[in-house]
Amino acid sequence: MAHLLNSFYAALLLVFLGSPLCGHAAVRDPRPAQSHHSKQKLEWIKVSHDGKGFVRVASGKPFTPWGFNYDRDYKMRLLEEYWNDEWQTIVEDFRKMKNLGANVVRVHLQFPKFMDAPDQPNQAAFKKLENILSLAEETGVYLDVTGLGGYRKADVPVWFDALTENERWTAQANFWRHVAKHCRRSPAVFCYNLMNEPVVPNPKFKDWLVGEFAGFYYVQAIALDLQGRNRTEVGRQWISQMTAAIRQHDKRHLITIGLLPNSADKPSGSGFQPREIVSEVDFISVHYYPRAGELEKDLNTVKKFSVGKPVVIEEIFPMHCSSKELRTFIERSRQHVNGWIGFYWGQTPEDLRNGTTLSDLLTREWLELFQQMQVDSPTQNSQRYNLNPK
């Protein structure tokens, strides 16, 4: 498992840190924006009656998640690290993501910022979450609320790492209980994602955070020692406890979990095999980065996550393939996939026009592809913002 995770994240490092490039061709300007500032009317989202996709509740119109991970900015800062001093930057980023065609923004909430003790929420952080909800409603985008992040290991409090497995699960459930209390009334929440890329040990881990990458820890263990237990059952029990905490306050919003691409493999995968956990979630989310020349293999892998409920590729990027190949993958994967969420790090294609790193080029190509495809209903993204009002 450790080898697989290190290999996976080593492949991402070039994109995060960038490498010098020769100059590249200029890109067309973004489409002209119209000035609209009225609050958007968002419909609640649910799984369709046939279980094959998502629909808007009031109108019954299909809904295809098409958006961005807003996990950090291009300065490598997590959201909570600048939302106090640079709130207007976040407002503008939401409008830019909307203008690019997004209907979903995935935010990554860091556990240490939201919980001061196992049973004590940080009120200031939850107030900011309410601000994010209001911003999403105003902008007209939905939120994929991903929680329990421990991306910066140095920020994880000593008291949290000192907890036993049962105590840690209780603290994590408390986090979700408070998130649900604050989010339950907002139609802007598309879903709760219980954790980004969780893993179950096979059979032991030394640390809760697994696989450092560019200073971040995106993978997290839900246990350190199986102690003879079944991996799949441990994963199901954890999901069940988190879900129960949410459902105490919110019985409406959808729940999912962000799976590593190897999760469909057994026994070498993450321990969260889709077919074994599908009954515990409302839809399946997988993080997948297609590889050049491996289209059929990639499609067959993604197909394994189609186990009777909608599938969203919650992370995708042209990291190992060209933009053209990524487009083909997205188009071909529609048979089994119901939504795709890429990345936005605070820079538009126009901002990246004179970029000098490989990261700049790949990000610009991705954003241009994103604009071109527009997979959701055109009416969903008809509202646009003037980002430079006079």
# chains A, B, ... in the order shown; residues from 1 in each chain; ligands from 1

$ residues_around --residues "region 68-80 of chain A" --least-positions-apart "4" --cutoff "9 Å" --atoms "only C-alpha atoms" --output "PDB file with C-alpha atoms, in the first residue's frame"
ATOM      1  CA  PHE A  16       2.138  20.849  -8.065  1.00  0.00           C
ATOM      2  CA  ASN A  84      -9.773  35.505   7.045  1.00  0.00           C
ATOM      3  CA  ILE A  90     -12.469  33.599  -2.501  1.00  0.00           C
ATOM      4  CA  MET A  97     -15.225  29.142 -11.486  1.00  0.00           C
ATOM      5  CA  ALA A 102     -18.631  25.014 -13.069  1.00  0.00           C
ATOM      6  CA  ASN A 103     -21.772  23.969 -11.247  1.00  0.00           C
ATOM      7  CA  VAL A 104     -19.909  22.280  -8.348  1.00  0.00           C
ATOM      8  CA  VAL A 105     -17.015  23.456  -6.172  1.00  0.00           C
ATOM      9  CA  ARG A 106     -15.330  20.928  -3.908  1.00  0.00           C
ATOM     10  CA  VAL A 107     -14.064  22.480  -0.673  1.00  0.00           C
ATOM     11  CA  HIS A 108     -11.732  20.574   1.656  1.00  0.00           C
ATOM     12  CA  LEU A 109     -12.322  21.278   5.363  1.00  0.00           C
ATOM     13  CA  GLN A 110      -9.361  20.658   7.659  1.00  0.00           C
ATOM     14  CA  LYS A 113      -9.203  24.139  11.982  1.00  0.00           C
ATOM     15  CA  ALA A 125     -14.339  28.240  11.491  1.00  0.00           C
ATOM     16  CA  LYS A 128     -16.699  30.842   7.831  1.00  0.00           C
ATOM     17  CA  ASP A 144     -19.002  19.117  -2.449  1.00  0.00           C
ATOM     18  CA  TYR A 151      -3.396  17.886   4.830  1.00  0.00           C
ATOM     19  CA  ARG A 152      -0.791  19.780   6.865  1.00  0.00           C
ATOM     20  CA  GLU A 314     -14.203  13.598  -8.094  1.00  0.00           C
ATOM     21  CA  GLU A 315     -10.622  14.300  -9.165  1.00  0.00           C
ATOM     22  CA  TRP A 340     -16.447  14.981 -13.271  1.00  0.00           C
ATOM     23  CA  ILE A 341     -14.610  17.396 -10.965  1.00  0.00           C
ATOM     24  CA  GLY A 342     -11.191  18.765 -11.909  1.00  0.00           C
ATOM     25  CA  PHE A 343      -9.074  21.487 -10.316  1.00  0.00           C
ATOM     26  CA  TYR A 344      -9.026  25.274 -10.043  1.00  0.00           C
ATOM     27  CA  TRP A 345      -6.171  26.900  -8.141  1.00  0.00           C
ATOM     28  CA  GLY A 346      -7.035  30.579  -8.455  1.00  0.00           C
ATOM     29  CA  GLN A 347      -5.835  31.297 -12.000  1.00  0.00           C
TER      30      GLN A 347
END

$ residues_around --residues "region 261-272 of chain A" --least-positions-apart "6" --cutoff "9 Å" --atoms "only C-alpha atoms" --output "list of chain:residue names"
A:Met1, A:Leu4, A:Glu197, A:Pro198, A:Val199, A:Val200, A:Pro201, A:Asn202, A:Arg231, A:Thr232, A:Glu233, A:Val234, A:Gly235, A:Arg236, A:Val286, A:His287, A:Tyr288, A:Tyr289, A:Thr301, A:Val302, A:Lys304, A:Phe305

$ atom_distance --atom1 "CA of Gly101 (chain A)" --atom2 "CA of Ile284 (chain A)"
23.1 Å

$ select_by_dssp --residues "region 123-326 of chain A" --states "strand (DSSP E)" --output "number ranges by chain"
A: 142-149, 189-196, 198-199, 209-213, 216-221, 254-259, 284-287, 311-315

$ write_last_selection --atoms "N, CA and C atoms" --output "compact mmCIF listing (two decimals), in the first residue's frame"
# COMPACT_ATOMS: atom_id res chain seq x y z
N TYR A 142 -22.98 24.61 -6.55
CA TYR A 142 -23.16 23.66 -5.46
C TYR A 142 -21.81 23.35 -4.82
N LEU A 143 -21.87 22.83 -3.59
CA LEU A 143 -20.67 22.48 -2.85
C LEU A 143 -20.56 20.98 -2.63
N ASP A 144 -19.40 20.45 -2.90
CA ASP A 144 -19.00 19.12 -2.45
C ASP A 144 -18.19 19.38 -1.19
N VAL A 145 -18.80 19.15 -0.02
CA VAL A 145 -18.16 19.47 1.26
C VAL A 145 -17.37 18.25 1.73
N THR A 146 -16.07 18.29 1.51
CA THR A 146 -15.18 17.20 1.91
C THR A 146 -14.58 17.53 3.27
N GLY A 147 -14.62 16.59 4.20
CA GLY A 147 -14.21 16.89 5.56
C GLY A 147 -13.08 16.02 6.09
N LEU A 148 -12.72 16.31 7.35
CA LEU A 148 -11.73 15.54 8.12
C LEU A 148 -10.32 15.62 7.55
N GLY A 149 -10.04 16.67 6.79
CA GLY A 149 -8.71 16.82 6.22
C GLY A 149 -7.64 17.00 7.30
N VAL A 189 -25.57 22.69 -0.88
CA VAL A 189 -24.74 21.50 -0.62
C VAL A 189 -25.18 20.38 -1.56
N PHE A 190 -24.29 20.02 -2.47
CA PHE A 190 -24.54 18.86 -3.33
C PHE A 190 -24.33 17.59 -2.54
N CYS A 191 -23.23 17.53 -1.77
CA CYS A 191 -22.95 16.31 -1.02
C CYS A 191 -21.98 16.58 0.10
N TYR A 192 -21.94 15.65 1.03
CA TYR A 192 -20.88 15.55 2.02
C TYR A 192 -19.96 14.41 1.60
N ASN A 193 -18.66 14.68 1.53
CA ASN A 193 -17.66 13.64 1.28
C ASN A 193 -16.97 13.36 2.61
N LEU A 194 -17.15 12.17 3.13
CA LEU A 194 -16.72 11.85 4.49
C LEU A 194 -15.22 12.04 4.72
N MET A 195 -14.41 11.70 3.73
CA MET A 195 -12.96 11.86 3.85
C MET A 195 -12.32 11.74 2.49
N ASN A 196 -11.26 12.48 2.27
CA ASN A 196 -10.48 12.37 1.05
C ASN A 196 -9.53 11.19 1.14
N PRO A 198 -9.47 7.81 2.09
CA PRO A 198 -9.19 7.02 3.29
C PRO A 198 -8.64 5.65 2.94
N VAL A 199 -7.88 5.08 3.86
CA VAL A 199 -7.36 3.73 3.68
C VAL A 199 -7.52 2.95 4.98
N LEU A 209 -1.56 9.62 9.04
CA LEU A 209 -1.43 10.29 7.75
C LEU A 209 -0.42 9.54 6.90
N VAL A 210 -0.78 9.27 5.65
CA VAL A 210 -0.02 8.36 4.80
C VAL A 210 0.40 9.07 3.52
N GLY A 211 1.67 8.94 3.13
CA GLY A 211 2.09 9.39 1.81
C GLY A 211 2.22 10.88 1.65
N GLU A 212 3.22 11.49 2.27
CA GLU A 212 3.46 12.94 2.12
C GLU A 212 3.72 13.30 0.67
N PHE A 213 3.14 14.41 0.23
CA PHE A 213 3.31 14.85 -1.14
C PHE A 213 3.32 16.37 -1.19
N PHE A 216 1.94 18.13 1.71
CA PHE A 216 0.57 17.81 2.09
C PHE A 216 0.41 16.30 2.32
N TYR A 217 -0.57 15.95 3.14
CA TYR A 217 -0.93 14.55 3.38
C TYR A 217 -2.40 14.39 3.01
N TYR A 218 -2.63 13.86 1.81
CA TYR A 218 -3.99 13.74 1.30
C TYR A 218 -4.65 12.41 1.67
N VAL A 219 -3.84 11.42 2.03
CA VAL A 219 -4.35 10.09 2.34
C VAL A 219 -4.32 9.90 3.85
N GLN A 220 -5.40 9.33 4.40
CA GLN A 220 -5.52 9.20 5.85
C GLN A 220 -6.03 7.81 6.21
N ALA A 221 -5.43 7.21 7.21
CA ALA A 221 -5.88 5.91 7.69
C ALA A 221 -7.02 6.09 8.67
N LEU A 254 -26.87 14.44 0.13
CA LEU A 254 -26.22 13.20 -0.28
C LEU A 254 -24.89 13.01 0.44
N ILE A 255 -24.50 11.75 0.60
CA ILE A 255 -23.25 11.40 1.27
C ILE A 255 -22.44 10.49 0.36
N THR A 256 -21.12 10.76 0.29
CA THR A 256 -20.21 9.92 -0.49
C THR A 256 -18.87 9.87 0.23
N ILE A 257 -17.89 9.27 -0.41
CA ILE A 257 -16.54 9.17 0.15
C ILE A 257 -15.55 9.14 -1.01
N GLY A 258 -14.42 9.85 -0.88
CA GLY A 258 -13.49 10.01 -2.00
C GLY A 258 -12.50 8.87 -2.10
N LEU A 259 -12.73 7.95 -3.02
CA LEU A 259 -11.95 6.72 -3.11
C LEU A 259 -10.70 6.85 -3.96
N ILE A 284 -21.06 6.81 -5.51
CA ILE A 284 -19.64 6.46 -5.44
C ILE A 284 -18.80 7.59 -6.04
N SER A 285 -17.75 7.98 -5.33
CA SER A 285 -16.78 8.95 -5.86
C SER A 285 -15.42 8.29 -5.97
N VAL A 286 -14.76 8.52 -7.09
CA VAL A 286 -13.43 7.96 -7.29
C VAL A 286 -12.53 9.05 -7.85
N HIS A 287 -11.26 8.99 -7.52
CA HIS A 287 -10.27 9.93 -8.02
C HIS A 287 -9.45 9.22 -9.09
N VAL A 311 -21.93 7.38 -10.23
CA VAL A 311 -20.48 7.49 -10.05
C VAL A 311 -20.03 8.89 -10.46
N VAL A 312 -19.24 9.52 -9.60
CA VAL A 312 -18.63 10.80 -9.92
C VAL A 312 -17.11 10.64 -9.86
N ILE A 313 -16.42 11.04 -10.92
CA ILE A 313 -14.96 11.12 -10.85
C ILE A 313 -14.66 12.46 -10.20
N GLU A 314 -14.28 12.41 -8.94
CA GLU A 314 -14.20 13.60 -8.09
C GLU A 314 -12.87 14.32 -8.23
N GLU A 315 -11.90 13.67 -8.82
CA GLU A 315 -10.62 14.30 -9.16
C GLU A 315 -10.21 13.79 -10.53

$ residues_around --residues "Leu42 (chain A)" --least-positions-apart "2" --cutoff "9 Å" --atoms "only C-alpha atoms" --output "MDAnalysis selection string"
chainID A and resid 40 44:45 56 137 140:142 187:188

$ atom_distance --atom1 "CA of Met242 (chain A)" --atom2 "CA of Gly53 (chain A)"
23.7 Å

$ select_by_dssp --residues "region 102-248 of chain A" --states "alpha helix (DSSP H)" --output "ChimeraX atom specification"
/A:111-114,123-139,158-161,165-183,231-247

$ atom_distance --atom1 "CA of Ala154 (chain A)" --atom2 "CA of Pro112 (chain A)"
10.0 Å

$ closest_residue --among "A:Ser186, A:Ser359, A:Ser306, A:Thr170" --to "Leu133 (chain A)" --atoms "only C-alpha atoms"
A:Ser186

$ closest_residue --among "A:Val47, A:Leu163, A:Leu226, A:Leu100" --to "Pro349 (chain A)" --atoms "only C-alpha atoms"
A:Leu100

$ closest_residue --among "A:Gln248, A:Ser134, A:Ser48, A:Gln237" --to "Lys309 (chain A)" --atoms "only C-alpha atoms"
A:Ser48

$ closest_residue --among "A:Arg168, A:His336, A:His253, A:Lys46" --to "Gln241 (chain A)" --atoms "only C-alpha atoms"
A:Arg168

$ decode --residues "region 162-198 of chain A" --atoms "C-alpha atoms" --output "PDB file, in the first residue's frame"
ATOM      1  CA  ALA A 162      -3.130  10.651  21.030  1.00  0.00           C
ATOM      2  CA  LEU A 163      -6.709   9.384  20.777  1.00  0.00           C
ATOM      3  CA  THR A 164      -7.488   5.695  20.544  1.00  0.00           C
ATOM      4  CA  GLU A 165      -9.182   4.451  17.383  1.00  0.00           C
ATOM      5  CA  ASN A 166     -12.628   4.565  19.001  1.00  0.00           C
ATOM      6  CA  GLU A 167     -11.990   8.041  20.426  1.00  0.00           C
ATOM      7  CA  ARG A 168     -10.752   9.269  17.046  1.00  0.00           C
ATOM      8  CA  TRP A 169     -13.861   7.986  15.308  1.00  0.00           C
ATOM      9  CA  THR A 170     -16.013   9.721  17.924  1.00  0.00           C
ATOM     10  CA  ALA A 171     -14.175  13.016  17.383  1.00  0.00           C
ATOM     11  CA  GLN A 172     -14.564  12.649  13.612  1.00  0.00           C
ATOM     12  CA  ALA A 173     -18.272  11.921  14.037  1.00  0.00           C
ATOM     13  CA  ASN A 174     -18.561  15.058  16.173  1.00  0.00           C
ATOM     14  CA  PHE A 175     -17.010  17.057  13.337  1.00  0.00           C
ATOM     15  CA  TRP A 176     -19.622  15.762  10.913  1.00  0.00           C
ATOM     16  CA  ARG A 177     -22.414  16.331  13.394  1.00  0.00           C
ATOM     17  CA  HIS A 178     -21.504  20.017  13.594  1.00  0.00           C
ATOM     18  CA  VAL A 179     -21.026  20.338   9.825  1.00  0.00           C
ATOM     19  CA  ALA A 180     -24.486  18.878   9.247  1.00  0.00           C
ATOM     20  CA  LYS A 181     -26.050  21.259  11.769  1.00  0.00           C
ATOM     21  CA  HIS A 182     -24.651  24.233   9.874  1.00  0.00           C
ATOM     22  CA  CYS A 183     -25.328  22.936   6.354  1.00  0.00           C
ATOM     23  CA  ARG A 184     -28.663  21.135   6.652  1.00  0.00           C
ATOM     24  CA  ARG A 185     -30.867  23.962   5.403  1.00  0.00           C
ATOM     25  CA  SER A 186     -28.771  25.006   2.412  1.00  0.00           C
ATOM     26  CA  PRO A 187     -29.693  23.764  -1.072  1.00  0.00           C
ATOM     27  CA  ALA A 188     -26.145  24.709  -2.117  1.00  0.00           C
ATOM     28  CA  VAL A 189     -24.744  21.499  -0.618  1.00  0.00           C
ATOM     29  CA  PHE A 190     -24.539  18.865  -3.331  1.00  0.00           C
ATOM     30  CA  CYS A 191     -22.953  16.311  -1.021  1.00  0.00           C
ATOM     31  CA  TYR A 192     -20.882  15.546   2.025  1.00  0.00           C
ATOM     32  CA  ASN A 193     -17.663  13.643   1.281  1.00  0.00           C
ATOM     33  CA  LEU A 194     -16.716  11.852   4.489  1.00  0.00           C
ATOM     34  CA  MET A 195     -12.959  11.862   3.851  1.00  0.00           C
ATOM     35  CA  ASN A 196     -10.484  12.375   1.051  1.00  0.00           C
ATOM     36  CA  GLU A 197      -8.828   9.076   0.099  1.00  0.00           C
ATOM     37  CA  PRO A 198      -9.188   7.022   3.293  1.00  0.00           C
TER      38      PRO A 198
END
